Each structure stands twice: as structure tokens, then as C-alpha cells.
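Data block for structure.cif (mmCIF, C-alpha atoms):
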```cif
data_entry
#
loop_
_atom_site.label_atom_id
_atom_site.label_comp_id
_atom_site.auth_asym_id
_atom_site.auth_seq_id
_atom_site.Cartn_x
_atom_site.Cartn_y
_atom_site.Cartn_z
CA MET A 12 -12.86 -15.41 15.35
CA GLY A 13 -10.50 -12.87 13.83
CA ILE A 14 -11.45 -9.27 13.14
CA LEU A 15 -11.55 -9.99 9.38
CA GLU A 16 -13.51 -13.23 9.63
CA GLY A 17 -15.55 -13.75 6.46
CA LYS A 18 -14.05 -10.78 4.62
CA ARG A 19 -12.46 -10.85 1.19
CA ILE A 20 -9.44 -8.62 0.77
CA LEU A 21 -7.38 -7.66 -2.29
CA VAL A 22 -3.73 -6.91 -1.53
CA THR A 23 -1.36 -5.32 -4.04
CA GLY A 24 2.40 -4.91 -3.91
CA VAL A 25 3.46 -8.38 -2.78
CA LEU A 26 6.77 -9.22 -4.39
CA THR A 27 8.79 -10.99 -1.68
CA ASP A 28 8.20 -11.80 1.97
CA ALA A 29 9.96 -8.52 2.77
CA SER A 30 7.16 -6.56 1.08
CA ILE A 31 4.84 -4.67 3.41
CA GLY A 32 1.94 -6.06 1.38
CA PHE A 33 3.06 -9.59 2.24
CA HIS A 34 2.77 -8.88 5.94
CA VAL A 35 -0.62 -7.21 5.50
CA ALA A 36 -1.81 -10.33 3.65
CA ARG A 37 -0.30 -12.55 6.38
CA VAL A 38 -2.01 -10.74 9.26
CA ALA A 39 -5.26 -10.52 7.27
CA GLN A 40 -5.26 -14.30 6.83
CA GLU A 41 -4.44 -14.79 10.49
CA GLN A 42 -7.48 -12.64 11.28
CA GLY A 43 -9.78 -14.76 9.13
CA ALA A 44 -9.76 -13.01 5.76
CA GLU A 45 -9.73 -14.64 2.36
CA VAL A 46 -7.03 -12.91 0.35
CA VAL A 47 -6.31 -12.37 -3.33
CA LEU A 48 -3.04 -10.84 -4.50
CA THR A 49 -2.15 -8.74 -7.53
CA ALA A 50 1.31 -8.67 -9.02
CA TYR A 51 3.42 -6.67 -11.41
CA PRO A 52 5.84 -7.03 -13.12
CA ARG A 53 6.68 -10.59 -11.95
CA PRO A 54 3.55 -12.62 -11.15
CA THR A 55 5.55 -15.85 -10.91
CA LEU A 56 7.64 -14.40 -8.08
CA THR A 57 4.49 -13.32 -6.26
CA GLN A 58 3.03 -16.80 -6.74
CA ARG A 59 6.08 -18.33 -5.06
CA THR A 60 5.92 -15.78 -2.25
CA ALA A 61 2.20 -16.46 -1.76
CA LYS A 62 3.03 -20.03 -0.72
CA ARG A 63 4.72 -18.64 2.40
CA LEU A 64 1.50 -17.13 3.71
CA PRO A 65 -0.36 -18.85 6.58
CA SER A 66 -2.70 -20.58 4.11
CA GLY A 67 0.34 -22.64 3.18
CA PRO A 68 1.97 -23.94 -0.01
CA ASP A 69 -0.96 -26.22 -0.79
CA SER A 70 -3.59 -23.47 -0.82
CA PRO A 71 -1.94 -20.13 -1.56
CA PRO A 72 -4.16 -17.18 -2.48
CA PRO A 73 -4.78 -16.57 -6.17
CA VAL A 74 -2.51 -14.08 -7.94
CA ILE A 75 -3.75 -11.76 -10.69
CA GLU A 76 -1.41 -9.79 -12.91
CA LEU A 77 -2.19 -6.08 -12.57
CA ASP A 78 -0.27 -3.08 -13.81
CA VAL A 79 -2.12 -0.13 -12.26
CA MET A 80 -0.84 2.08 -15.08
CA ASN A 81 -2.44 -0.18 -17.70
CA THR A 82 -6.07 0.71 -18.50
CA GLU A 83 -6.75 -2.72 -20.00
CA HIS A 84 -5.55 -4.46 -16.83
CA LEU A 85 -7.76 -2.20 -14.69
CA ASP A 86 -10.81 -2.70 -16.90
CA ALA A 87 -10.37 -6.48 -16.67
CA LEU A 88 -9.73 -6.62 -12.91
CA ALA A 89 -13.31 -7.16 -11.70
CA GLY A 90 -13.85 -9.95 -14.22
CA ASN A 91 -10.53 -11.57 -13.38
CA LEU A 92 -11.39 -11.49 -9.68
CA GLN A 93 -14.71 -13.18 -10.35
CA GLU A 94 -12.93 -15.88 -12.35
CA VAL A 95 -10.89 -16.83 -9.28
CA GLY A 96 -13.96 -16.90 -7.05
CA PHE A 97 -14.00 -13.34 -5.72
CA ASP A 98 -17.45 -12.04 -6.60
CA ARG A 99 -17.27 -9.58 -3.69
CA LEU A 100 -14.57 -7.44 -2.09
CA ASP A 101 -14.69 -6.06 1.42
CA GLY A 102 -11.29 -4.41 1.39
CA VAL A 103 -8.49 -3.22 -0.88
CA VAL A 104 -4.87 -2.60 0.09
CA HIS A 105 -2.89 -0.16 -2.06
CA ALA A 106 0.77 -0.98 -1.42
CA ILE A 107 2.12 0.44 -4.67
CA GLY A 108 4.74 3.09 -5.24
CA PHE A 109 7.34 3.70 -7.91
CA ALA A 110 9.59 6.53 -9.07
CA PRO A 111 12.45 6.45 -11.58
CA GLN A 112 15.93 6.80 -10.10
CA THR A 113 16.17 10.30 -11.57
CA ALA A 114 13.32 11.37 -9.28
CA LEU A 115 15.10 10.30 -6.07
CA GLY A 116 18.35 10.69 -4.22
CA GLY A 117 18.83 14.47 -4.39
CA ASN A 118 17.97 14.94 -8.07
CA PHE A 119 14.86 17.01 -7.34
CA LEU A 120 15.91 20.09 -9.31
CA GLU A 121 16.99 18.12 -12.37
CA THR A 122 14.20 15.56 -12.65
CA PRO A 123 12.40 15.80 -16.03
CA TRP A 124 8.62 15.99 -16.16
CA GLU A 125 8.34 12.60 -17.83
CA ASP A 126 9.84 10.91 -14.77
CA VAL A 127 7.77 13.02 -12.37
CA ALA A 128 4.67 12.00 -14.31
CA THR A 129 5.60 8.33 -13.96
CA ALA A 130 6.02 8.70 -10.20
CA VAL A 131 2.68 10.49 -9.80
CA HIS A 132 0.84 8.05 -12.05
CA ALA A 133 2.22 4.95 -10.33
CA SER A 134 2.16 6.22 -6.76
CA THR A 135 -0.76 8.68 -6.59
CA PHE A 136 -3.31 8.33 -9.38
CA SER A 137 -3.10 4.55 -9.00
CA LEU A 138 -5.02 4.77 -5.70
CA LYS A 139 -8.00 6.24 -7.51
CA ALA A 140 -7.58 3.90 -10.49
CA LEU A 141 -7.36 0.76 -8.36
CA THR A 142 -10.28 1.78 -6.17
CA MET A 143 -12.52 2.44 -9.16
CA ALA A 144 -11.51 -0.86 -10.77
CA CYS A 145 -12.64 -2.64 -7.60
CA MET A 146 -15.88 -0.69 -7.19
CA PRO A 147 -18.08 -3.19 -9.08
CA LEU A 148 -17.31 -5.75 -6.37
CA MET A 149 -17.78 -3.37 -3.41
CA LYS A 150 -21.51 -2.76 -3.72
CA GLU A 151 -21.99 -3.34 0.01
CA GLY A 152 -19.27 -0.86 0.96
CA GLY A 153 -15.88 -1.68 2.39
CA SER A 154 -12.48 -0.28 3.26
CA VAL A 155 -9.59 0.95 1.12
CA VAL A 156 -6.22 1.27 2.87
CA GLY A 157 -3.13 2.77 1.27
CA LEU A 158 0.48 2.82 2.43
CA ASP A 159 1.93 6.27 2.93
CA PHE A 160 5.13 7.99 4.07
CA ASP A 161 4.58 11.24 5.97
CA ALA A 162 4.38 13.94 3.30
CA THR A 163 4.24 16.96 5.60
CA LYS A 164 8.04 17.32 5.47
CA ALA A 165 10.72 17.39 2.79
CA TRP A 166 12.72 14.28 3.67
CA PRO A 167 16.30 13.79 2.51
CA VAL A 168 16.60 11.84 -0.79
CA TYR A 169 12.83 11.16 -1.08
CA ASP A 170 12.34 14.05 -3.51
CA TRP A 171 9.55 13.55 -6.07
CA MET A 172 8.27 10.45 -4.30
CA GLY A 173 7.55 12.79 -1.39
CA VAL A 174 5.54 14.97 -3.74
CA ALA A 175 3.72 11.89 -5.02
CA LYS A 176 2.92 10.84 -1.44
CA ALA A 177 1.54 14.32 -0.72
CA GLY A 178 -0.71 13.78 -3.73
CA LEU A 179 -1.65 10.33 -2.40
CA GLU A 180 -2.79 11.89 0.86
CA SER A 181 -4.94 14.41 -0.98
CA CYS A 182 -6.27 11.73 -3.33
CA ALA A 183 -7.34 9.62 -0.34
CA ARG A 184 -9.27 12.56 1.11
CA TYR A 185 -11.15 13.15 -2.14
CA LEU A 186 -11.90 9.45 -2.55
CA ALA A 187 -13.22 9.40 1.01
CA LYS A 188 -15.44 12.40 0.18
CA TYR A 189 -16.92 10.91 -2.97
CA LEU A 190 -17.17 7.25 -1.90
CA GLY A 191 -18.41 7.78 1.64
CA PRO A 192 -22.07 7.82 0.56
CA GLN A 193 -21.51 4.32 -0.84
CA GLY A 194 -20.19 3.05 2.48
CA ILE A 195 -16.55 2.93 1.37
CA ARG A 196 -13.93 4.19 3.79
CA VAL A 197 -10.53 5.37 2.52
CA ASN A 198 -7.60 5.68 4.92
CA LEU A 199 -3.81 5.68 4.82
CA VAL A 200 -1.15 4.19 7.08
CA ALA A 201 2.00 6.34 7.20
CA ALA A 202 4.77 3.94 8.17
CA GLY A 203 8.31 4.69 9.15
CA PRO A 204 11.11 3.42 6.88
CA LEU A 205 11.09 -0.35 6.43
CA ALA A 206 13.71 -2.54 4.83
CA THR A 207 11.80 -3.49 1.69
CA MET A 208 13.27 -3.96 -1.78
CA ALA A 209 11.65 -0.71 -2.90
CA ALA A 210 13.17 1.24 -0.01
CA LYS A 211 16.62 -0.17 -0.61
CA SER A 212 16.49 1.17 -4.17
CA ILE A 213 16.28 4.76 -2.88
CA PRO A 214 19.74 6.37 -2.95
CA GLY A 215 20.69 7.51 0.54
CA PHE A 216 17.93 5.51 2.25
CA GLU A 217 20.44 4.26 4.81
CA GLY A 218 20.61 7.73 6.35
CA MET A 219 16.92 7.65 7.31
CA VAL A 220 17.29 4.10 8.57
CA GLU A 221 20.09 5.15 10.92
CA MET A 222 18.29 8.25 12.20
CA TRP A 223 14.79 6.89 12.77
CA PRO A 224 15.33 4.39 15.63
CA GLN A 225 17.23 7.00 17.63
CA ALA A 226 14.76 9.85 17.06
CA ALA A 227 11.40 8.07 17.37
CA PRO A 228 9.97 8.23 20.93
CA LEU A 229 9.00 4.55 20.82
CA GLY A 230 12.05 3.54 18.84
CA TRP A 231 11.76 1.88 15.46
CA ASP A 232 12.71 -1.48 13.98
CA VAL A 233 13.22 -1.14 10.22
CA LYS A 234 13.04 -4.93 9.85
CA ASN A 235 9.65 -5.32 11.54
CA SER A 236 6.64 -4.72 9.30
CA ASP A 237 4.18 -6.24 11.76
CA PRO A 238 3.03 -2.97 13.42
CA THR A 239 2.29 -1.48 10.01
CA ALA A 240 0.46 -4.60 8.87
CA ARG A 241 -1.65 -4.67 12.02
CA ALA A 242 -2.70 -1.06 11.51
CA CYS A 243 -3.77 -1.82 7.95
CA VAL A 244 -5.78 -4.84 9.07
CA ALA A 245 -7.45 -2.84 11.83
CA LEU A 246 -8.57 -0.24 9.28
CA LEU A 247 -9.82 -3.00 6.99
CA SER A 248 -11.96 -4.37 9.81
CA ASP A 249 -15.30 -3.19 11.16
CA TRP A 250 -13.58 -1.72 14.22
CA PHE A 251 -13.27 1.69 12.49
CA PRO A 252 -16.77 2.04 11.03
CA ALA A 253 -16.86 5.86 11.17
CA THR A 254 -13.24 6.61 10.27
CA THR A 255 -12.34 7.79 6.79
CA ALA A 256 -9.94 10.29 5.17
CA GLU A 257 -7.56 9.56 8.05
CA ILE A 258 -3.78 9.07 8.13
CA VAL A 259 -2.70 6.68 10.87
CA HIS A 260 1.00 7.09 11.69
CA VAL A 261 2.89 3.93 12.51
CA ASP A 262 6.37 5.35 12.84
CA GLY A 263 7.30 5.16 16.50
CA GLY A 264 6.00 8.72 16.91
CA LEU A 265 8.69 10.47 14.90
CA HIS A 266 6.18 12.45 12.83
CA ALA A 267 5.30 14.41 15.99
CA ILE A 268 8.92 15.04 16.94
CA GLY A 269 10.44 15.88 13.59
CA ALA A 270 14.17 15.60 14.33
CA PRO A 271 16.68 13.96 16.65
CA GLY A 272 17.45 15.66 19.91
#
```
Translate this structure into C-alpha cells?
Amino acid sequence: MGILEGKRILVTGVLTDASIGFHVARVAQEQGAEVVLTAYPRPTLTQRTAKRLPSGPDSPPPVIELDVMNTEHLDALAGNLQEVGFDRLDGVVHAIGFAPQTALGGNFLETPWEDVATAVHASTFSLKALTMACMPLMKEGGSVVGLDFDATKAWPVYDWMGVAKAGLESCARYLAKYLGPQGIRVNLVAAGPLATMAAKSIPGFEGMVEMWPQAAPLGWDVKNSDPTARACVALLSDWFPATTAEIVHVDGGLHAIGAPG
């Protein structure tokens, strides 16, 4: 019996098997969960990736196209989930983040509002939008887990995505406040840098990758998403029944140290 036995979990952000969301879905299945994936902008790629999950190529989880910035997609989500056999959700994983290139890589002072707005919409407001879209299927409560990157510091090159993550942390706290009476917990997992496709698109990302393993007290493997995935699955389970509005750091301890040396 796994810690998610009998639970139904929606996981966003699965593009390839390097995606953090993929590893969350993998560990969730290993722990007994039934998983459904959402995908954007390439559902066919997610469908191929889904065949690599433990459920195997013959019974991959269903994939639903979902752009979290598209109101029509969000309004249709509950119905689409029911169509693929998910009439109930016990957990939701928000593994979504996006910022235009102009909002990253040292362009902070020159980034136009339109690109900042895109980053905040896709990476911050989407947590609230996704959660509310799933609410009709979470009548018995459940757990929402989002992926974070420590927003208490101004990291090199992260720029407006760092601002968006600070907003994500605040958004999670407010969701926890308003949804707690309905039995819904909302928590974040702040991971260290991982070698995902999204991370590689950040100009200067290599600098953080080089620094982190040396500075983190426990060390850090940028190619290993398993610790992050396990933390997400633990928060999705019933083992944290009274924990909400929390940020669990899975970063080798660097958030408490702050700098090499």
C-alpha cells in the first residue's frame, strides 16, 4: 500500500521525462495514485512521455489539453476530467511557470509591463485559476501542491520570474486561508535548480547550477528530480493533514546558508 493508494491526482507541466511534473507523476503512481496529466502547448508530446510512466505504454494516464491562461480551457476542465473517468480529485500539482526571454537573464530594468504581466499570469495567477477550475471535483477536500523557487532572495538572472515566484508564495498563502474551511490544503515545494527544459532556457542558468552543489550543506544533484517529487507526493498524501500555507525547501539546505563559503 502506497501513501497515495486510492487517490486521484492531476499533474500539470509534463512535457518530457526531464520535467519535474513527470517525476511527481511517476512517484505518485508508484505510491498507488491514479494520475491524469494536462498539457500545453504540445499535448502529443505529453502523450508520448506519459507512456514512460510506471503504468506503462499500454495504459498511460489520460492527457487533457489545458492552457492555464485560457478561460475557456479552465471552464471546461472539470467536464473534461469527468469525460476521462475522473469524477473526483484528491490532489492537484501546479508545475507551471513561464516568462518571456525579455523578463530573464539580467533584463530586469528594461522588461516591458506586457512581458511582466505574462510571467505573472502564467506563473502566479495560474495557481489560483487552476485550483478554482478543479474545485468542483474536490468536494471532499484534498491537497494542492505547487513548485516554487525560493523567492526570499534576488537570484542572478531569475529577474521577473523571481517576482512571479514571490507572488506565487503569497497566492498559496491566500488560497490556504480561503480554502482551508473546505478541507483543501495548499503548499509549495521550493526546489533547487534542476536540469529541466524550462531551466535551460534561462540565460545564465549555468552559473546557479555550478554554484549550488558546492554551497548546499547536503550537496545538490541538478539531474535528480526524485527528492523534489517525493516531497510533492508526501504533501499530496494524508501524512500532512494539518499542514497548509507551507513552503517545503528541497534544495540541499542552501536557502538557510545563502552563499558559498
Expected selection from the PyMOL selection byres ((chain A and resi 173-187) around 10), given as a PyMOL selection string: chain A and resi 108-110+114-115+127-139+142-143+154-172+188-199+201+254-258
Report, as AutoDock Vina command-line options, the centre and edge lengths in Å (one decimal) of the axis-aligned box enclosing every listed atom of range 75-85 of chain A, padded by 5 Å on each side.
```
--center_x -4.0 --center_y -4.8 --center_z -15.3 --size_x 17.5 --size_y 23.8 --size_z 19.3
```
Result set, the PyMOL selection byres ((chain A and resi 229) around 7) on current file, as a PyMOL selection string: chain A and resi 227-228+230-231+263-264
Take the residues from that selection and write them out as an mmCIF file, keeping the file's coordinate frame, keeping C-alpha atoms.
```cif
data_model
loop_
_atom_site.group_PDB
_atom_site.id
_atom_site.type_symbol
_atom_site.label_atom_id
_atom_site.label_comp_id
_atom_site.auth_asym_id
_atom_site.auth_seq_id
_atom_site.Cartn_x
_atom_site.Cartn_y
_atom_site.Cartn_z
ATOM 1 C CA ALA A 227 11.400 8.070 17.370
ATOM 2 C CA PRO A 228 9.970 8.230 20.930
ATOM 3 C CA GLY A 230 12.050 3.540 18.840
ATOM 4 C CA TRP A 231 11.760 1.880 15.460
ATOM 5 C CA GLY A 263 7.300 5.160 16.500
ATOM 6 C CA GLY A 264 6.000 8.720 16.910
#
```
Nearby residues (all atoms listed in the file) at most 8 Å from Leu85 in chain A, same-chain spacing under 6 positions excluded, as a list in words: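 Here the answer would be Leu77, Asp78, Val79, Ala140, Leu141 and Ala144 of chain A.
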Proximity to Arg59 in chain A - best of A:Ala226, A:Arg241, A:Val38, A:Thr27, all atoms listed in the file: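 Among A:Ala226, A:Arg241, A:Val38, A:Thr27, it is A:Thr27 that comes nearest to Arg59 in chain A.
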Output check: residues returned by the PyMOL selection byres ((chain A and resi 233) around 12), as a PyMOL selection string: chain A and resi 29+31+202-207+210-211+216-217+219-225+227+230-232+234-239+261-263
Selection near Phe97 in chain A, 10 Å with only C-alpha atoms, sequence-local residues under 5 positions removed, as a list in words: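 With the cut-off at 10 Å, the set is Arg19, Ile20, Leu21, Glu45, Val46, Val47, Pro73, Ala89, Gly90, Asn91, Leu92 and Leu148 of chain A.
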C-alpha atoms of the current selection, written as an mmCIF file, in the coordinates of the input:
```cif
data_model
loop_
_atom_site.group_PDB
_atom_site.id
_atom_site.type_symbol
_atom_site.label_atom_id
_atom_site.label_comp_id
_atom_site.auth_asym_id
_atom_site.auth_seq_id
_atom_site.Cartn_x
_atom_site.Cartn_y
_atom_site.Cartn_z
ATOM 1 C CA ARG A 19 -12.460 -10.850 1.190
ATOM 2 C CA ILE A 20 -9.440 -8.620 0.770
ATOM 3 C CA LEU A 21 -7.380 -7.660 -2.290
ATOM 4 C CA GLU A 45 -9.730 -14.640 2.360
ATOM 5 C CA VAL A 46 -7.030 -12.910 0.350
ATOM 6 C CA VAL A 47 -6.310 -12.370 -3.330
ATOM 7 C CA PRO A 73 -4.780 -16.570 -6.170
ATOM 8 C CA ALA A 89 -13.310 -7.160 -11.700
ATOM 9 C CA GLY A 90 -13.850 -9.950 -14.220
ATOM 10 C CA ASN A 91 -10.530 -11.570 -13.380
ATOM 11 C CA LEU A 92 -11.390 -11.490 -9.680
ATOM 12 C CA LEU A 148 -17.310 -5.750 -6.370
#
```
Nearest to Asp86 in chain A, chosen from A:Lys150, A:Glu16, A:Ile213, A:Cys145, with only C-alpha atoms counted in the distances: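 So, comparing all the options, the nearest one is A:Cys145.
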Protein and nucleic acid residues near (6.4, -14.3, -7.3) (cut-off 12 Å, all atoms listed in the file) as a PyMOL selection string: chain A and resi 24-28+30+33+48-63+71-76
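Between CA of Val103 in chain A and CA of Ser248 in chain A there is a distance of 11.3 Å.
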Within 10 Å of Trp250 in chain A using only C-alpha atoms, minus same-chain residues under 4 positions, as a ChimeraX atom specification: /A:14-15,244-246,254
